[in-house]
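Peer 1: One structure, as structure tokens, below. Some questions next.
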There are 2 protein chains.
Amino acid sequence: MPLDELSIIDRYFRPLAGEGAFALTDDAARLDVPREADLVVTTDMVAENVHFLAADPPDAIARKALRVNLSDLAAKGAAPLAYVISIGISASTDGAWLAAFAQGLKEDQQRFGIGLLGGDTIFVDEALVVSITAFGTAPKGRMVHRSGGCPGDVLFVSGEIGAGAAGLALLKREQGEWDSLPQERKDALTRRYRVPEPRTALAPALAACASAAMDISDGLVGDCDKLTTASGCSAVIDAERVPLPEGIAGEDAALLARLLTSGDDYEILAAVPPGRAARFMEEARWAGVTVTEIGRLTEGATPPQVLFRGKVLALKSRAWVHGQGERS
Amino acid sequence: MPLDELSIIDRYFRPLAGEGAFALTDDAARLDVPREADLVVTTDMVAENVHFLAADPPDAIARKALRVNLSDLAAKGAAPLAYVISIGISASTDGAWLAAFAQGLKEDQQRFGIGLLGGDTIFVDEALVVSITAFGTAPKGRMVHRSGGCPGDVLFVSGEIGAGAAGLALLKREQGEWDSLPQERKDALTRRYRVPEPRTALAPALAACASAAMDISDGLVGDCDKLTTASGCSAVIDAERVPLPEGIAGEDAALLARLLTSGDDYEILAAVPPGRAARFMEEARWAGVTVTEIGRLTEGATPPQVLFRGKVLALKSRAWVHGQGERS
């Protein structure tokens, strides 16, 4: 028997309801915001064949949909608080799929200390679509924007750049340097594409030290361009300092250019005034998040310059832009 | 030339950005909630062929997506504050369509006094999908729930019941009593199906007087069942008192049963303690919203009983349930 909307909510989503959600039995929820905090709101929609693959495990789809939002919150210096979710599924979606999807949400709720506030379930004819709006709290007046960077600020990235792109290439069976990696490294890369790692632990360090930050979802260089444009400056990135996934050497300029301009990193790009750089690194270390200095903000209004072995690295594009069919 | 995500935001959505949205140039927004208010959050997803028809005007699609959320807020006694929107559109969607869609949002933002906080635009292969999360403020501790009703409370509905169902039937060319209406009445009914009328003006009266309330989106009788279930009681509805659209007589029991169990009303069902009923009617009158007494909450745990000419009205179903294929 096909599942209806009410049974789906009852069985799979009600157990996820957090404080203020009224057990998902009301038209709306109440979100209590601590007085000493600013409420930060972000929303992202993900769809089959665009942001994930149809064959991806349902719990991974759920986690990715949630985590791309948590990544935005982290970049703003905000701790996650709660979220609402709307899903458009096929009427033939079975209970096992929904149970696994809900389990992915449940585990991530526990891991990130958040509750489900509400949602909507609709039935669509075609590809699965998931829309999440997530809420976080930043220390009052300390939300980190893209626009606060100044020439001279040190550019940091969290984690490593290119793991999502390499993971997607492996899933699509595209040839590349990753082919020669041991299977466990390959698995780690595809896992990373499917389930990003939001840098929630880094949020306090960003709120305390960063002049500007954003999450890298559409490629390091293009997203850096957005940050410098918002901040009214330019940047120099030292490609040799950009941390790449273990086992990928980055000796090849074309491969390096690809990894620096591909999406799905969900790492943090942060600009930190030189006087606060040491403190930022120290706080990141305590938070257990690796951060690496990769360049500087500079005067000017040109796109970021990427240097590799003393020369400007040739880039076919700076970022993935949805809907263009190819890169700009 | 096809439009990319960044051009779409630039041209069509940036002009809609409200306070705290940072001109849609950041990863997230800041939502400032007045100290004396509770923040109420609701989310709804609408899709082509489910909640609207492919041929519907784009500004009507935008308004419906927004207004179904504002209707939820109104039912909770909350004044609208802001919203975020995610849309999944075809890559071939043209500028004229997007301009009309954004214009619908703009006019409703002005009408309801709200701003756009943020959003996401993605490209999907198939049917259009729109997901909105809306924020409202209720007087502290006065958010109206479904669960607060008590036996003896007076049941009121706003506006009229069945206009959305009649409008949809006209659009689908289904035969019925509406066929004999003058063209301008038919047009009013189809307009009403396409663009619901959230009862935002009634929110203060609900916050002040109602023990329980909800918006009627899946049919009066079924939604009343949800309210009585949440409130731990039952109800009697006097079908002859239910206000129907002008020109539809409701003499025919089968037609009446249909109108009382069809979706797309977006009116408010409210339970009001008898001692506050006069004040509620007075406040509704000042707000310019017609409210009609249609029954009472009663002791018991059975579904609401609908009386017509002294007998129980036979209902094939109580409500539209998405995904069942037929009514329950």
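In the structure tokens, the first chain shown is A, the next is B, and so on; residue numbers restart at 1 for each chain, and ligands run from 1 in the order shown.
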Just the residues within 7 Å of stretch 213-220 of chain B, please, counting only C-alpha atoms, with nothing from its chain fewer than 4 positions along; format it as number ranges by chain.

Peer 2: A: 27; B: 71-72, 75-76, 144-146, 224, 260-271, 319-320

Peer 1: Determine, using only C-alpha atoms, which residues of chain A have any atom at most 6 Å from an atom of chain B, and tabulate each with its shortest atom pair and distance in Å to one decimal place, rows ordered by chain and then rising number, as a Markdown table.

Peer 2:
| residue | atom | partner | partner_atom | distance |
| --- | --- | --- | --- | --- |
| A:Asp4 | CA | B:Gly323 | CA | 4.8 |
| A:Glu5 | CA | B:His322 | CA | 5.7 |
| A:Asp26 | CA | B:Arg146 | CA | 6.0 |
| A:Asp27 | CA | B:Asp72 | CA | 5.7 |
| A:Ala28 | CA | B:Thr42 | CA | 4.6 |
| A:Ala29 | CA | B:Val41 | CA | 5.1 |
| A:Arg30 | CA | B:Val40 | CA | 4.6 |
| A:Leu31 | CA | B:Leu39 | CA | 5.5 |
| A:Leu39 | CA | B:Leu31 | CA | 5.5 |
| A:Val40 | CA | B:Arg30 | CA | 4.6 |
| A:Val41 | CA | B:Ala29 | CA | 5.1 |
| A:Thr42 | CA | B:Ala28 | CA | 4.6 |
| A:Thr43 | CA | B:Gly119 | CA | 5.8 |
| A:Asp44 | CA | B:Asp120 | CA | 5.6 |
| A:Asp72 | CA | B:Asp27 | CA | 5.7 |
| A:Ala91 | CA | B:Gly323 | CA | 6.0 |
| A:Gly119 | CA | B:Thr43 | CA | 5.8 |
| A:Asp120 | CA | B:Asp44 | CA | 5.6 |
| A:Arg146 | CA | B:Asp26 | CA | 6.0 |
| A:His322 | CA | B:Glu5 | CA | 5.7 |
| A:Gly323 | CA | B:Asp4 | CA | 4.8 |
| A:Gln324 | CA | B:Asp4 | CA | 5.3 |

Peer 1: To one decimal place, how far is atom CA of B:Leu81 from atom CA of B:Pro34 in Å?

Peer 2: 10.3 Å

Peer 1: For A:Glu177, work out the shell of residues within 8 Å, counting only C-alpha atoms and skipping chain neighbours fewer than 3 positions away, then give it as a compact mmCIF listing (two decimals) with C-alpha atoms, in the first residue's frame.

Peer 2:
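selection_27.txt, freshly written:
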# COMPACT_ATOMS: atom_id res chain seq x y z
CA SER A 180 45.87 4.98 -8.80
CA LEU A 181 44.75 5.57 -5.19
CA ILE A 248 46.82 13.64 -4.88

Peer 1: Considering only C-alpha atoms, return as a PDB file with C-alpha atoms, in the first residue's frame whatever protein or nucleic-acid residues lie within 12 Å of stretch 282-284 of chain B, sequence-local ones (same chain, fewer than 5 positions apart) excluded.

Peer 2:
ATOM      1  CA  PHE B 156     -15.912  29.842  13.484  1.00  0.00           C
ATOM      2  CA  VAL B 157     -14.718  29.923   9.891  1.00  0.00           C
ATOM      3  CA  SER B 158     -13.467  32.975   8.038  1.00  0.00           C
ATOM      4  CA  GLY B 159     -14.675  33.887   4.560  1.00  0.00           C
ATOM      5  CA  ARG B 199      -6.455  36.014   6.680  1.00  0.00           C
ATOM      6  CA  THR B 200      -3.518  37.981   8.031  1.00  0.00           C
ATOM      7  CA  ALA B 201      -5.841  40.696   9.306  1.00  0.00           C
ATOM      8  CA  LEU B 202      -7.541  38.165  11.575  1.00  0.00           C
ATOM      9  CA  ALA B 203      -4.303  37.196  13.388  1.00  0.00           C
ATOM     10  CA  PRO B 204      -4.650  39.676  16.292  1.00  0.00           C
ATOM     11  CA  ALA B 205      -8.249  38.590  16.953  1.00  0.00           C
ATOM     12  CA  LEU B 206      -7.124  34.959  16.983  1.00  0.00           C
ATOM     13  CA  ALA B 207      -4.197  35.649  19.321  1.00  0.00           C
ATOM     14  CA  ALA B 208      -6.544  37.542  21.640  1.00  0.00           C
ATOM     15  CA  CYS B 209      -9.573  35.209  21.636  1.00  0.00           C
ATOM     16  CA  ALA B 210      -9.083  31.767  20.064  1.00  0.00           C
ATOM     17  CA  ILE B 268      -9.282  29.949   9.188  1.00  0.00           C
ATOM     18  CA  ALA B 270     -11.086  28.787  14.994  1.00  0.00           C
ATOM     19  CA  ARG B 276     -14.908  35.467  24.164  1.00  0.00           C
ATOM     20  CA  ALA B 277     -17.090  34.829  21.076  1.00  0.00           C
ATOM     21  CA  VAL B 289     -12.778  39.711   7.883  1.00  0.00           C
ATOM     22  CA  THR B 290     -16.137  37.943   7.826  1.00  0.00           C
ATOM     23  CA  VAL B 291     -16.353  35.165  10.397  1.00  0.00           C
ATOM     24  CA  THR B 292     -19.289  32.777  10.722  1.00  0.00           C
TER      25      THR B 292
END

Peer 1: What separation in Å, quoted to one decimal, exists between atom CA of A:Glu293 and atom CA of A:Ala253?

Peer 2: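 If I compute the distance from atom CA of A:Glu293 to atom CA of A:Ala253, I get 20.0 Å.
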
Peer 1: For the atom pair atom CA of B:Leu315 and atom CA of B:Ala239, what is the interatomic distance in Å to one decimal place?

Peer 2: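 Taking atom CA of B:Leu315 as the start and atom CA of B:Ala239 as the end point, the length is 11.8 Å.
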
Peer 1: B:Val221, B:Ala17, B:Ala314, B:Gly77: which is nearest B:Lys140, counting only C-alpha atoms?

Peer 2: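 The closest residue to B:Lys140 is B:Gly77.
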
Peer 1: Check the smallest atom-to-atom distance from each of A:Pro139, A:Gly176, A:Gly115, A:Pro80 to A:Arg67 using only C-alpha atoms, then report the winner.

Peer 2: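 Comparing A:Pro139, A:Gly176, A:Gly115, A:Pro80 against A:Arg67, the winner is A:Pro80.
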
Peer 1: Using only C-alpha atoms, which of the listed residues (B:Pro304, B:Leu256, B:Asp179, B:Arg173) sits closest to B:Gly232?

Peer 2: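 Residue with the minimum atom-to-atom distance to B:Gly232: B:Pro304.
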
Peer 1: Tell me, which residues of stretch 23-173 of chain B carry DSSP strand (DSSP E), written as a VMD selection string?

Peer 2: chain B and resid 29 to 31 37 to 47 79 to 89 115 to 123 129 to 139 154 to 158

Peer 1: Output C-alpha atoms for every residue in that selection, as a PDB file, in the first residue's frame.

Peer 2:
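The new file out-v2.pdb reads:
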ATOM      1  CA  ALA B  29      20.655  36.232   6.515  1.00  0.00           C
ATOM      2  CA  ARG B  30      20.102  37.723   9.945  1.00  0.00           C
ATOM      3  CA  LEU B  31      16.524  37.739  11.214  1.00  0.00           C
ATOM      4  CA  ALA B  37       7.326  38.602  20.286  1.00  0.00           C
ATOM      5  CA  ASP B  38       7.553  34.870  19.717  1.00  0.00           C
ATOM      6  CA  LEU B  39       9.025  33.823  16.378  1.00  0.00           C
ATOM      7  CA  VAL B  40       6.662  31.550  14.432  1.00  0.00           C
ATOM      8  CA  VAL B  41       8.065  29.476  11.546  1.00  0.00           C
ATOM      9  CA  THR B  42       6.207  27.589   8.821  1.00  0.00           C
ATOM     10  CA  THR B  43       7.248  25.948   5.569  1.00  0.00           C
ATOM     11  CA  ASP B  44       5.376  24.723   2.505  1.00  0.00           C
ATOM     12  CA  MET B  45       6.484  23.291  -0.800  1.00  0.00           C
ATOM     13  CA  VAL B  46       4.295  23.591  -3.894  1.00  0.00           C
ATOM     14  CA  ALA B  47       4.761  21.815  -7.205  1.00  0.00           C
ATOM     15  CA  ALA B  79       1.863  38.736  11.832  1.00  0.00           C
ATOM     16  CA  PRO B  80       4.127  38.037   8.838  1.00  0.00           C
ATOM     17  CA  LEU B  81       7.722  39.238   9.127  1.00  0.00           C
ATOM     18  CA  ALA B  82       9.899  37.784   6.354  1.00  0.00           C
ATOM     19  CA  TYR B  83      10.466  34.712   4.184  1.00  0.00           C
ATOM     20  CA  VAL B  84      13.038  32.692   2.267  1.00  0.00           C
ATOM     21  CA  ILE B  85      12.300  31.055  -1.089  1.00  0.00           C
ATOM     22  CA  SER B  86      13.910  28.219  -3.028  1.00  0.00           C
ATOM     23  CA  ILE B  87      12.846  27.474  -6.565  1.00  0.00           C
ATOM     24  CA  GLY B  88      13.613  24.607  -8.877  1.00  0.00           C
ATOM     25  CA  ILE B  89      13.045  25.748 -12.444  1.00  0.00           C
ATOM     26  CA  GLY B 115      10.810  41.252   2.971  1.00  0.00           C
ATOM     27  CA  LEU B 116      12.755  38.492   1.255  1.00  0.00           C
ATOM     28  CA  LEU B 117      15.553  37.202   3.488  1.00  0.00           C
ATOM     29  CA  GLY B 118      17.274  34.753   1.163  1.00  0.00           C
ATOM     30  CA  GLY B 119      16.831  31.829  -1.141  1.00  0.00           C
ATOM     31  CA  ASP B 120      18.220  29.369  -3.588  1.00  0.00           C
ATOM     32  CA  THR B 121      17.699  28.859  -7.314  1.00  0.00           C
ATOM     33  CA  ILE B 122      18.373  25.470  -8.867  1.00  0.00           C
ATOM     34  CA  PHE B 123      17.660  23.951 -12.245  1.00  0.00           C
ATOM     35  CA  VAL B 129       8.839  23.373  -7.541  1.00  0.00           C
ATOM     36  CA  VAL B 130       8.765  26.246  -5.042  1.00  0.00           C
ATOM     37  CA  SER B 131       9.622  25.963  -1.357  1.00  0.00           C
ATOM     38  CA  ILE B 132       9.007  28.848   1.021  1.00  0.00           C
ATOM     39  CA  THR B 133       9.770  29.162   4.726  1.00  0.00           C
ATOM     40  CA  ALA B 134       7.925  32.092   6.292  1.00  0.00           C
ATOM     41  CA  PHE B 135       8.491  33.852   9.609  1.00  0.00           C
ATOM     42  CA  GLY B 136       5.965  35.655  11.726  1.00  0.00           C
ATOM     43  CA  THR B 137       5.651  37.184  15.159  1.00  0.00           C
ATOM     44  CA  ALA B 138       2.972  36.343  17.715  1.00  0.00           C
ATOM     45  CA  PRO B 139       2.481  38.207  20.978  1.00  0.00           C
ATOM     46  CA  VAL B 154     -17.701  27.995  19.425  1.00  0.00           C
ATOM     47  CA  LEU B 155     -16.387  27.026  15.957  1.00  0.00           C
ATOM     48  CA  PHE B 156     -15.912  29.842  13.484  1.00  0.00           C
ATOM     49  CA  VAL B 157     -14.718  29.923   9.891  1.00  0.00           C
ATOM     50  CA  SER B 158     -13.467  32.975   8.038  1.00  0.00           C
TER      51      SER B 158
END

Peer 1: List every residue of stretch 38-284 of chain B that DSSP, applied to the backbone of this structure, assigns to alpha helix (DSSP H), and report them as a count of residues only.

Peer 2: 94

Peer 1: Could you tell me which of A:Leu53, A:Gly95, A:Asp59, A:Leu255 comes closest to A:Lys172 if we count only C-alpha atoms?

Peer 2: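 Looking at the shortest contact to A:Lys172, the residue is A:Leu53.
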
Peer 1: Hey, which of B:Phe308, B:Tyr12, B:Phe101, B:Phe112 ends up closest to B:Ala60? Count only C-alpha atoms.

Peer 2: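 Using only C-alpha atoms, the shortest distance to B:Ala60 belongs to B:Phe101.
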
Peer 1: Can you pull out every residue within 6 Å of stretch 242-247 of chain B, counting only C-alpha atoms, but drop anything in the same chain fewer than 5 positions away, and send it as JSON, numbers by chain?

Peer 2: {"B": [160, 161, 163, 294]}

Peer 1: Hey, can you spit out that residue selection with C-alpha atoms as a PDB file, in the first residue's frame?

Peer 2:
ATOM      1  CA  GLU B 160     -16.402  31.167   2.589  1.00  0.00           C
ATOM      2  CA  ILE B 161     -15.787  27.465   2.084  1.00  0.00           C
ATOM      3  CA  ALA B 163     -14.413  28.616  -3.534  1.00  0.00           C
ATOM      4  CA  ILE B 294     -20.633  26.989  12.144  1.00  0.00           C
TER       5      ILE B 294
END
